[in-house]
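One structure is given here, and the rest of the page talks about it.
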Number of protein chains: 2
Amino acid sequence: MDAKEYLKESSKKVDKPIKSYIEDQEPMRLIEASRQYPYAGGKRMRPVIVLAACGAVGGDKKKAMPLAVAIEYIHNFTLIHDDIMDGDSERRGMTTIHVAYDVPTAILAGDALFAKAFQIIADLDVPTDRIRDILRYVTKAVWDLARGQEFDTMNEGKFISEKQYLETIKLKTGVLFAAAAAGGAIAGGADKKTVENINKYALAMGLGFQMFDDYLGIMGDTSKTGKSVGNDIRKGKCTLMVTYTIENLKDEKQLTAFKKILGNPKATEAQVRKAVKIMQDVGAVDYNRKEAEKMVKKAKKYLKYLPETEEKEFMLSLADFAINRES
Amino acid sequence: MDAKEYLKESSKKVDKPIKSYIEDQEPMRLIEASRQYPYAGGKRMRPVIVLAACGAVGGDKKKAMPLAVAIEYIHNFTLIHDDIMDGDSERRGMTTIHVAYDVPTAILAGDALFAKAFQIIADLDVPTDRIRDILRYVTKAVWDLARGQEFDTMNEGKFISEKQYLETIKLKTGVLFAAAAAGGAIAGGADKKTVENINKYALAMGLGFQMFDDYLGIMGDTSKTGKSVGNDIRKGKCTLMVTYTIENLKDEKQLTAFKKILGNPKATEAQVRKAVKIMQDVGAVDYNRKEAEKMVKKAKKYLKYLPETEEKEFMLSLADFAINRES
């Protein structure tokens, strides 16, 4: 199965529902600000995972659709707040909310999306004890997302360990993927053990996804990723490749040069290329790829006991796609 | 019954639970930031209302205690975010979170408290269909709070109508009081009609409370309110007294002078006193008091059909206290 194609088809199906839950209401300024990100599209990976997990356990995907929307709103709420904190003025070619509107409106648009997500979950057409279980996964995910972003804020400009890197991407990316998958499975009527396995699948897949994202950040084709290659280097983003380089580069002179380039917003193109070459030469890029592959292999194992369905097939190929893509 | 005394006693009972739900966890910086406001105390009106409403319908107040905590966390989450937006550096004598820490940590501390509140609600020891009903009230309240704060942001420095004033305080203050009361009643096992009446009681009481708060803001004893009299005037806060003055002051010259003082951060003490006197002379202060009294009278009527209990007695006297207090 072509995961990219399936993702594209499925994302079309969630598009309309995503645009149907935020009604016109005063003040429209807030409504428009909260709509901007979810309406603009994107990969829609999280909502599609909700639906796939529901289908994979034999559930009625229609009943999981509102949850898919809620998970996408939560993702977008965190993006809006992250953009304020990171001081980013652009996302996916759009002006970010706090720049297009103002910081107060951006904070409120995030809060409003957050509230709307839980309103939608409360209204799900599934047994109420399952709503409670879904809430437990989702609230835990949001709590962890805040922790992960705080780690990021605190570690800006610092060199962290591999262990800290893994913990941060787990909190920042893994847990919401995991909650999306677990939520879909719960809505689909899965038993506890199955929910746990699907949860673990998505967590591991999310980690692999993030590692590969970091790879694309420095090695990807800018015309496809939409990100400049120097971006992560100049921002000093602490990826697995960076932690590996710091921990394994023996040449003191090179290490000093590497550390000087990393996080230097004024680093030249030549310096950026030099930093990338250092990471390649020390084996950090290979190491990152192998670790991402390990994660994906681990993720797929958790799906072993699921019956053969189109959705399972998609989830397996999505794991492969997470570490084999151009954008 | 002495509402103030009952409130004081009850607030002691909620204090310990409020300090028990946020566990030590890394990063501690975020945990400490999220604890600061809820741990610092305050009137605890919202959590006490949750418990009172539960008791008033014959429910087990112990089971409503976690909801009381959740409502207080939601209140505190909005305070943290509001302080960022309003650029306030002090609250109740404490340095605000975004100043004591930084803006990212303050945004995240608010988000984390929000997530924790819903985590607590998901875990309530009440039938799950009642959890769903509680969620509907609470998520609607948070959505409305965001709308109210956005109205405030948009209307800064503008003169709004009485209708807009009432809508804004309903969203900013009324709905969370109302959700607290409705939530407590639902947790206590009340029927739909009773929940609605208790909800309406708290909404009307909240509006009266806010109007009286505005009164204290300009006429209160600074040593008791902790707020300088000129604060609201210099900030140009649009209270009912201001809208009434703008709509009813016939003397053009005085009106121009009044408008010039309002919202002028550099207004002198003499100018502040002049603005207050203009509001008094045109009858705005009296009008505000009468409207607050009407609200409280209306609020109390909604409790008519409740059996006579200590909690009902408290809720009635709380309504009187809302418009008869020094701080």
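Letters for chains follow the order of the structure tokens (A, B, ...), residue numbers begin at 1 for each chain, and ligand numbers begin at 1 in the order shown.
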Any chance you could tabulate, as CSV, the residues of chain A at most 7 Å from chain B with each one's nearest atom pair and distance in Å to one decimal, using only C-alpha atoms, in chain and rising number order?
residue,atom,partner,partner_atom,distance
A:Pro27,CA,B:Arg147,CA,6.5
A:Leu30,CA,B:Glu150,CA,6.7
A:Met85,CA,B:Pro104,CA,5.0
A:Pro104,CA,B:Met85,CA,5.0
A:Thr105,CA,B:Glu150,CA,6.5
A:Leu108,CA,B:Ala146,CA,5.4
A:Asp111,CA,B:Ala146,CA,6.9
A:Ala112,CA,B:Trp143,CA,5.2
A:Ala115,CA,B:Thr139,CA,5.3
A:Lys116,CA,B:Trp143,CA,6.8
A:Phe118,CA,B:Thr139,CA,6.5
A:Gln119,CA,B:Thr139,CA,5.4
A:Ala122,CA,B:Arg132,CA,5.4
A:Thr128,CA,B:Thr128,CA,5.4
A:Asp129,CA,B:Thr128,CA,5.7
A:Arg132,CA,B:Ala122,CA,5.4
A:Leu135,CA,B:Ala122,CA,6.1
A:Arg136,CA,B:Gln119,CA,6.1
A:Thr139,CA,B:Ala115,CA,5.3
A:Val142,CA,B:Ala115,CA,6.0
A:Trp143,CA,B:Ala112,CA,5.2
A:Ala146,CA,B:Leu108,CA,5.4
A:Arg147,CA,B:Pro27,CA,6.5
A:Glu150,CA,B:Thr105,CA,6.5
A:Phe151,CA,B:Pro27,CA,6.5
| said: Please list as a ChimeraX atom specification every residue within 12 Å of A:Val285, counting only C-alpha atoms and excluding residues in the same chain fewer than 2 positions away. | reply: /A:211-212,214-219,239-245,275-283,287-292
| If we count only C-alpha atoms, what is near A:Gly208 at a cut-off of 12 Å, once residues fewer than 4 positions away on the same chain are taken out, given as an MDAnalysis selection string? | chainID A and resid 166 169:170 173:174 177 201:204 212:215 240 288:300 318:324
Selection export as an mmCIF file, in the first residue's frame, atoms kept: N, CA and C atoms:
data_model
loop_
_atom_site.group_PDB
_atom_site.id
_atom_site.type_symbol
_atom_site.label_atom_id
_atom_site.label_comp_id
_atom_site.auth_asym_id
_atom_site.auth_seq_id
_atom_site.Cartn_x
_atom_site.Cartn_y
_atom_site.Cartn_z
ATOM 1 N N LEU A 166 15.588 11.991 23.518
ATOM 2 C CA LEU A 166 14.503 11.026 23.341
ATOM 3 C C LEU A 166 13.293 11.381 24.201
ATOM 4 N N ILE A 169 11.468 14.473 22.525
ATOM 5 C CA ILE A 169 10.639 14.214 21.334
ATOM 6 C C ILE A 169 9.462 13.295 21.664
ATOM 7 N N LYS A 170 9.649 12.464 22.685
ATOM 8 C CA LYS A 170 8.516 11.647 23.132
ATOM 9 C C LYS A 170 7.392 12.572 23.590
ATOM 10 N N THR A 173 6.251 15.081 20.444
ATOM 11 C CA THR A 173 5.646 14.515 19.237
ATOM 12 C C THR A 173 4.969 13.180 19.522
ATOM 13 N N GLY A 174 5.653 12.326 20.278
ATOM 14 C CA GLY A 174 5.158 10.954 20.455
ATOM 15 C C GLY A 174 3.798 10.841 21.119
ATOM 16 N N PHE A 177 0.584 11.578 18.971
ATOM 17 C CA PHE A 177 0.356 10.473 18.035
ATOM 18 C C PHE A 177 -0.249 9.278 18.795
ATOM 19 N N TYR A 201 2.453 1.391 19.368
ATOM 20 C CA TYR A 201 2.785 1.496 17.943
ATOM 21 C C TYR A 201 2.966 2.966 17.561
ATOM 22 N N ALA A 202 1.964 3.774 17.915
ATOM 23 C CA ALA A 202 1.975 5.172 17.473
ATOM 24 C C ALA A 202 3.081 5.966 18.160
ATOM 25 N N LEU A 203 3.364 5.623 19.407
ATOM 26 C CA LEU A 203 4.445 6.317 20.113
ATOM 27 C C LEU A 203 5.781 6.064 19.421
ATOM 28 N N ALA A 204 6.078 4.791 19.158
ATOM 29 C CA ALA A 204 7.345 4.444 18.498
ATOM 30 C C ALA A 204 7.393 5.035 17.089
ATOM 31 N N PHE A 212 13.346 11.275 11.655
ATOM 32 C CA PHE A 212 13.493 11.476 10.222
ATOM 33 C C PHE A 212 13.222 12.933 9.838
ATOM 34 N N ASP A 213 12.330 13.564 10.585
ATOM 35 C CA ASP A 213 12.072 14.982 10.360
ATOM 36 C C ASP A 213 13.337 15.806 10.591
ATOM 37 N N ASP A 214 14.050 15.445 11.648
ATOM 38 C CA ASP A 214 15.318 16.127 11.945
ATOM 39 C C ASP A 214 16.316 15.911 10.801
ATOM 40 N N TYR A 215 16.332 14.694 10.258
ATOM 41 C CA TYR A 215 17.203 14.373 9.122
ATOM 42 C C TYR A 215 16.846 15.247 7.927
ATOM 43 N N LEU A 240 19.147 14.260 17.450
ATOM 44 C CA LEU A 240 19.950 13.089 17.796
ATOM 45 C C LEU A 240 21.309 13.167 17.096
ATOM 46 N N ASN A 288 21.459 8.259 13.266
ATOM 47 C CA ASN A 288 20.081 8.755 13.359
ATOM 48 C C ASN A 288 19.149 7.906 12.489
ATOM 49 N N ARG A 289 19.617 7.584 11.255
ATOM 50 C CA ARG A 289 18.780 6.803 10.343
ATOM 51 C C ARG A 289 18.517 5.417 10.925
ATOM 52 N N LYS A 290 19.562 4.810 11.466
ATOM 53 C CA LYS A 290 19.417 3.468 12.039
ATOM 54 C C LYS A 290 18.499 3.458 13.253
ATOM 55 N N GLU A 291 18.624 4.466 14.097
ATOM 56 C CA GLU A 291 17.749 4.542 15.276
ATOM 57 C C GLU A 291 16.290 4.738 14.851
ATOM 58 N N ALA A 292 16.085 5.556 13.836
ATOM 59 C CA ALA A 292 14.729 5.769 13.324
ATOM 60 C C ALA A 292 14.173 4.458 12.773
ATOM 61 N N GLU A 293 15.035 3.704 12.066
ATOM 62 C CA GLU A 293 14.602 2.409 11.522
ATOM 63 C C GLU A 293 14.242 1.433 12.636
ATOM 64 N N LYS A 294 15.049 1.439 13.691
ATOM 65 C CA LYS A 294 14.764 0.570 14.847
ATOM 66 C C LYS A 294 13.395 0.900 15.439
ATOM 67 N N MET A 295 13.141 2.179 15.572
ATOM 68 C CA MET A 295 11.857 2.631 16.139
ATOM 69 C C MET A 295 10.686 2.127 15.304
ATOM 70 N N VAL A 296 10.840 2.257 13.989
ATOM 71 C CA VAL A 296 9.760 1.860 13.091
ATOM 72 C C VAL A 296 9.553 0.348 13.129
ATOM 73 N N LYS A 297 10.634 -0.386 13.215
ATOM 74 C CA LYS A 297 10.548 -1.849 13.314
ATOM 75 C C LYS A 297 9.788 -2.241 14.585
ATOM 76 N N LYS A 298 10.158 -1.562 15.667
ATOM 77 C CA LYS A 298 9.515 -1.800 16.959
ATOM 78 C C LYS A 298 8.019 -1.452 16.870
ATOM 79 N N ALA A 299 7.730 -0.322 16.231
ATOM 80 C CA ALA A 299 6.338 0.133 16.101
ATOM 81 C C ALA A 299 5.496 -0.931 15.416
ATOM 82 N N LYS A 300 6.018 -1.460 14.314
ATOM 83 C CA LYS A 300 5.247 -2.404 13.509
ATOM 84 C C LYS A 300 4.940 -3.690 14.276
ATOM 85 N N LEU A 318 2.436 3.319 6.918
ATOM 86 C CA LEU A 318 2.662 4.669 7.440
ATOM 87 C C LEU A 318 3.964 4.711 8.242
ATOM 88 N N ALA A 319 4.219 3.630 8.985
ATOM 89 C CA ALA A 319 5.460 3.551 9.761
ATOM 90 C C ALA A 319 6.665 3.600 8.823
ATOM 91 N N ASP A 320 6.589 2.877 7.713
ATOM 92 C CA ASP A 320 7.684 2.928 6.736
ATOM 93 C C ASP A 320 7.798 4.317 6.109
ATOM 94 N N PHE A 321 6.650 4.877 5.786
ATOM 95 C CA PHE A 321 6.623 6.204 5.174
ATOM 96 C C PHE A 321 7.247 7.263 6.095
ATOM 97 N N ALA A 322 7.035 7.091 7.425
ATOM 98 C CA ALA A 322 7.558 8.062 8.403
ATOM 99 C C ALA A 322 9.051 8.295 8.227
ATOM 100 N N ILE A 323 9.753 7.236 7.771
ATOM 101 C CA ILE A 323 11.214 7.372 7.627
ATOM 102 C C ILE A 323 11.674 7.237 6.173
ATOM 103 N N ASN A 324 10.718 7.361 5.247
ATOM 104 C CA ASN A 324 11.046 7.349 3.821
ATOM 105 C C ASN A 324 10.173 8.353 3.102
#
| query | What is the atom CA of A:Ala185 to atom CA of A:Lys19 distance in Å? | reply | 23.5 Å
| Can you list, as number ranges by chain, every protein, DNA or RNA residue that comes within 8 Å of stretch 47-64 of chain A when you count only C-alpha atoms, leaving out same-chain residues fewer than 3 positions away? | A: 7, 10-11, 14, 44, 67-69, 71-72, 124-126, 177, 180-190, 198, 306-307, 309-312, 314-315
With C-alpha atoms retained, write the just-selected residues as a short mmCIF file (atom, residue, chain, number, x, y, z; two decimals), in the first residue's frame.
data_model
loop_
_atom_site.label_atom_id
_atom_site.label_comp_id
_atom_site.auth_asym_id
_atom_site.auth_seq_id
_atom_site.Cartn_x
_atom_site.Cartn_y
_atom_site.Cartn_z
CA LEU A 7 -2.96 9.63 3.68
CA SER A 10 -8.05 10.16 3.98
CA SER A 11 -6.99 13.72 4.67
CA VAL A 14 -11.34 14.75 7.39
CA ARG A 44 -3.49 15.48 8.74
CA LEU A 67 -12.39 12.63 17.76
CA ALA A 68 -10.16 12.96 14.69
CA VAL A 69 -11.21 16.60 14.48
CA ILE A 71 -7.08 15.69 17.97
CA GLU A 72 -6.28 17.96 15.03
CA LEU A 124 -18.77 11.70 21.07
CA ASP A 125 -21.34 9.09 20.10
CA VAL A 126 -19.61 6.28 22.02
CA PHE A 177 0.36 10.47 18.03
CA ALA A 180 -4.67 9.77 18.70
CA ALA A 181 -4.18 6.06 18.02
CA ALA A 182 -5.34 4.94 21.46
CA GLY A 183 -8.37 7.23 21.24
CA GLY A 184 -9.36 5.85 17.86
CA ALA A 185 -9.03 2.28 19.14
CA ILE A 186 -11.09 3.04 22.26
CA ALA A 187 -13.79 4.71 20.17
CA GLY A 188 -13.74 1.62 17.95
CA GLY A 189 -14.51 -0.62 20.92
CA ALA A 190 -11.08 -2.25 21.36
CA ILE A 198 -1.88 0.51 19.28
CA LEU A 306 -4.39 -7.17 14.76
CA PRO A 307 -6.51 -8.86 12.07
CA THR A 309 -7.47 -5.08 7.36
CA GLU A 310 -6.89 -2.18 5.03
CA GLU A 311 -6.37 0.03 8.10
CA LYS A 312 -3.71 -2.25 9.57
CA PHE A 314 -2.03 1.49 6.18
CA MET A 315 -0.64 1.73 9.71
#
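Here atom CA of B:Ala270 and atom CA of B:Ser228 stand 13.8 Å from one another.
The interatomic distance for the pair atom CA of B:Ala178 and atom CA of B:Leu207 works out to 10.2 Å.
Note that DSSP on the backbone gives strand (DSSP E) to these residues of stretch 25-257 of chain B: Glu90, Arg91, Met94 and Thr95 of chain B.
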| message | Taking only stretch 32-195 of chain A into account, list the residues labelled alpha helix (DSSP H) by DSSP (computed from the backbone), as a ChimeraX atom specification. | response | /A:32-40,45-56,61-86,97-100,103-122,128-155,162-169,175-187,192-195
| said: Give me the residues near B:Asp88 as a PyMOL selection string, where near means some atom within 10 Å (using only C-alpha atoms) and where sequence neighbours in that chain fewer than 6 positions away do not count. | reply: chain B and resi 80+82+95-99
